[in-house]
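Chemist: Below: one structure in structure tokens.
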Amino acid sequence: MFKEEVLDRFLRYAVIDTMSDASRADKIHPSTPGQWDLLRLLEKELKELGLEDVNLDEHGYLLARVPANKEGLPCIAFSSHVDTASDVMGNGVKPRVVRNYEGGDIKLNSKYTIFASENPELESYIGSDIVVSDGNTLLGSDDKSGISEIMTAVSYIVKHPEIVHGEIEVLFSPDEETGFGMDFFDTSRLHCRSLYTMDGGTRYVIESECFNAASVKVHFEGVSYHLGAARGRMVNALTMCSAYVNALPQAESPEATDGRYGYYCAHEVKGTASSLDLEILLRDFDFDRLQERIKALKSLAKTMELLYKGGKISVKSSISYRNMAQASANDPKALEAVFEAGKALGQPLVTELIRGGTDGARIAESGIACPNIYAGGHNMHSRFEWVGVDAMNDASLLIVEIVRQWAK
Ligand SMILES: [Zn+2]
């Protein structure tokens, strides 16, 4: 039903250069000027659709509302991000539509091919249309698929007043890929009780749990002496640091864990034998366990100080984001509405864990349930990214049906 519109929107949004820049995002937000181009286009289109309170603020958060057409119904929101990743080139995207995909490999250019053997999901799109890049850039399905799906669904809802609904909010945000996506957003601007991020991947996958995340900065202060006269006096910060990193349990590293297991990850080190900074990333689905990991790093620092007499180690931790499962547990209706909608449409929805965070996780801290819904893309952040038009169509249908479910 939405195939043509959602594809048309996707192709228009995909060619706008919105690659974000993590090195600037803590200071300049949005971090790149191209994101404004897409935000202003969406602002214009939302106004043309007749939405109310269309507001694009100075940090690039675009919020708009479809007014309720019946009183007493809860407000819900749909959100996605305008920026694209920078893991490979995210600007200059030239999307190509593979019409009536016949199966088999998809050649992107003379150098790169999407192999069917590595992409088993391709099979379910045989006979339908798929969008790919020209192999020189990523595609930007993450998250322009989400934007296209929301815009298409909202445009349908405003043109069909017979669909009874409460207030619907639409939020488009910048810089999600930089980790600073929600840093400048005031969640008190939202009216919604539940917010759905359309930022997942594979069709029919719903995510309602993500990691709790902390960043731990460990500072090692050695004792310097002339190396020829160092015996018994010098303390080497590098030696302390390597002993510290080696003490982290190898079985609890990103490369050794999956599913529900958390980890320690030594992420960055900068410094010399006299002074050195180490950053460790911590992830766990259980917040208490995350706190225990922080405690372990602090007590390990104390032990190392005793082992390397004269050396000093300080540990500072900060929570980056929290598991959004709590907010969903407090408001079960948020997920119920999704699964009821899936049932009504015959979509076989499944839940999966996010071994990462989402913009929704930051909003969930304020108590708003924020499940993450599939946007349909595959191989995100890579030149091999692709999205099935059927998946985007299904996601738009799901949005409309979720709106209907909340009116019941
Ligand atoms: Zn995304």
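Chains: A, B, ... in order of the structure tokens. Residues: from 1 per chain. Ligands: from 1, in order shown.
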Taking the chain letters and numbering used in this document, name the residues of range 147-251 of chain A that DSSP puts in strand (DSSP E), as a list in words.
Modeler: Ile168, Glu169, Val170, Leu171, Phe172, Ser173, Ser194, Leu195, Tyr196, Thr197, Met198, Asp199, Gly200, Val205, Ile206, Glu207, Ser208, Glu209, Cys210, Asn212, Ala213, Ala214, Ser215, Val216, Lys217, Val218, His219, Phe220 and Glu221 of chain A
Chemist: Kindly assemble as a Markdown table a list of the chain A residues that lie within 8 Å of ligand 1, each paired with its nearest atom pair and their distance in Å to one decimal, using only C-alpha atoms and all ligand atoms, sorted first by chain and then by ascending residue number.
Modeler:
```
| residue | atom | partner | partner_atom_place_in_ligand_line | distance |
| --- | --- | --- | --- | --- |
| A:Ser80 | CA | ligand 1 | 1 (Zn) | 7.5 |
| A:His81 | CA | ligand 1 | 1 (Zn) | 6.5 |
| A:Thr84 | CA | ligand 1 | 1 (Zn) | 7.6 |
| A:Asp142 | CA | ligand 1 | 1 (Zn) | 4.6 |
| A:Asp143 | CA | ligand 1 | 1 (Zn) | 4.9 |
| A:Glu176 | CA | ligand 1 | 1 (Zn) | 6.7 |
| A:Glu177 | CA | ligand 1 | 1 (Zn) | 6.7 |
| A:Asp199 | CA | ligand 1 | 1 (Zn) | 4.9 |
| A:Gly200 | CA | ligand 1 | 1 (Zn) | 7.0 |
| A:Thr358 | CA | ligand 1 | 1 (Zn) | 7.6 |
```
Chemist: Nearest residue to Gly135 in chain A out of A:Ile373, A:Ile168, A:Val88, A:Ile294, using only C-alpha atoms?
Modeler: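 When distances to Gly135 in chain A are compared using only C-alpha atoms, the smallest one comes from A:Val88.
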Chemist: Hey, which of A:Asn323, A:Asn136, A:Asn69, A:Ser124 ends up closest to Ser110 in chain A? Count only C-alpha atoms.
Modeler: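 Checking each of A:Asn323, A:Asn136, A:Asn69, A:Ser124 against Ser110 in chain A, counting only C-alpha atoms, the winner is A:Asn136.
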Chemist: When you look at Asp21 in chain A with a cut-off of 8 Å (counting only C-alpha atoms), what residues show up, excluding the ones that are within fewer than 6 positions of it in the same chain? I need them as a compact mmCIF listing (two decimals) with C-alpha atoms, in the first residue's frame.
Modeler:
```txt
# COMPACT_ATOMS: atom_id res chain seq x y z
CA SER A 31 27.81 18.41 13.93
CA THR A 32 27.55 18.83 10.15
CA SER A 86 30.93 7.84 9.03
CA ASP A 175 23.93 13.11 15.47
CA THR A 178 28.12 10.22 17.32
```
Chemist: Nearest residue to Leu282 in chain A out of A:Met304, A:Ala14, A:Ala337, A:Ala214, using only C-alpha atoms?
Modeler: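 Comparing A:Met304, A:Ala14, A:Ala337, A:Ala214 against Leu282 in chain A, the winner is A:Ala214.
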Chemist: Could you pull the residues within 12 Å of Asn246 in chain A, counting only C-alpha atoms, minus those fewer than 3 positions along the same chain, as a list in words?
Modeler: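 Contacts, in chain order: Thr239, Met240, Cys241, Ser242, Ala243, Pro249, Gln250, Ala251, Ser253, Tyr264, Cys265, Ala266, Leu300 and Met304 of chain A.
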Chemist: Figure out the distance between CA of Ile147 in chain A and CA of Glu58 in chain A, please, to one decimal in Å.
Modeler: 20.1 Å
Chemist: Need the shell around Arg203 in chain A: protein/DNA/RNA residues with any atom at most 10 Å away, counting only C-alpha atoms. Skip same-chain ones fewer than 3 positions apart. Format as JSON, numbers by chain?
Modeler: {"A": [121, 200, 206, 347, 348, 349, 350, 373, 374, 375, 376, 377, 378, 387, 388, 390, 391, 392, 394, 395]}
Chemist: Just want the 12 Å neighbourhood of Ala327 in chain A, counted on only C-alpha atoms, with same-chain residues fewer than 6 positions away dropped. Output as number ranges by chain.
Modeler: A: 193-195, 208-210, 333-335, 360-371
Chemist: Write the residues of the preceding selection, restricted to C-alpha atoms, as an mmCIF file, in the first residue's frame.
Modeler:
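Printed below is again08.cif as written:
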```
data_model
loop_
_atom_site.group_PDB
_atom_site.id
_atom_site.type_symbol
_atom_site.label_atom_id
_atom_site.label_comp_id
_atom_site.auth_asym_id
_atom_site.auth_seq_id
_atom_site.Cartn_x
_atom_site.Cartn_y
_atom_site.Cartn_z
ATOM 1 C CA ARG A 193 3.695 8.400 27.126
ATOM 2 C CA SER A 194 5.510 5.990 24.774
ATOM 3 C CA LEU A 195 7.997 6.794 22.040
ATOM 4 C CA SER A 208 12.942 -3.274 24.042
ATOM 5 C CA GLU A 209 16.146 -3.890 25.971
ATOM 6 C CA CYS A 210 19.577 -2.390 25.506
ATOM 7 C CA LYS A 333 1.048 -1.139 26.994
ATOM 8 C CA ALA A 334 3.931 0.240 24.897
ATOM 9 C CA LEU A 335 5.010 -3.228 23.745
ATOM 10 C CA GLY A 360 15.451 5.863 22.959
ATOM 11 C CA ALA A 361 17.583 4.669 25.869
ATOM 12 C CA ARG A 362 18.351 8.299 26.711
ATOM 13 C CA ILE A 363 14.677 9.269 26.554
ATOM 14 C CA ALA A 364 13.699 6.175 28.564
ATOM 15 C CA GLU A 365 15.692 7.608 31.497
ATOM 16 C CA SER A 366 12.841 10.068 31.958
ATOM 17 C CA GLY A 367 10.409 7.151 32.343
ATOM 18 C CA ILE A 368 8.981 7.123 28.795
ATOM 19 C CA ALA A 369 8.854 3.608 27.331
ATOM 20 C CA CYS A 370 10.901 3.589 24.094
ATOM 21 C CA PRO A 371 10.795 0.305 22.162
#
```
Chemist: Go ahead and compute the interatomic distance for CA of Leu38 in chain A and CA of Phe172 in chain A, in Å to one decimal.
Modeler: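 Here the two named atoms are 9.9 Å from each other.
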Chemist: If you measure from CA of Met324 in chain A to CA of Asn212 in chain A, what distance in Å do you get, rounded to one decimal?
Modeler: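 Separating CA of Met324 in chain A from CA of Asn212 in chain A is a distance of 8.4 Å.
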Chemist: Any idea what's packed within 8 Å of Ile16 in chain A, counting only C-alpha atoms, ignoring anything in its chain fewer than 4 positions away? Could you give it as a PDB file with C-alpha atoms, in the first residue's frame?
Modeler:
```pdb
ATOM      1  CA  ARG A  12      14.795  11.806  -1.944  1.00  0.00           C
ATOM      2  CA  GLY A  34      24.079  18.812   5.730  1.00  0.00           C
ATOM      3  CA  ASP A  37      19.268  20.465   4.875  1.00  0.00           C
ATOM      4  CA  LEU A  38      17.314  17.310   5.638  1.00  0.00           C
ATOM      5  CA  ASN A  91      27.854  11.541   1.810  1.00  0.00           C
ATOM      6  CA  GLY A  92      27.388  11.510  -1.967  1.00  0.00           C
ATOM      7  CA  VAL A  93      24.998   8.556  -1.741  1.00  0.00           C
TER       8      VAL A  93
END
```
Chemist: For Glu352 in chain A, which residue among A:Glu207, A:Glu221, A:Asp331, A:Asp26 is the nearest when counting only C-alpha atoms?
Modeler: A:Glu207
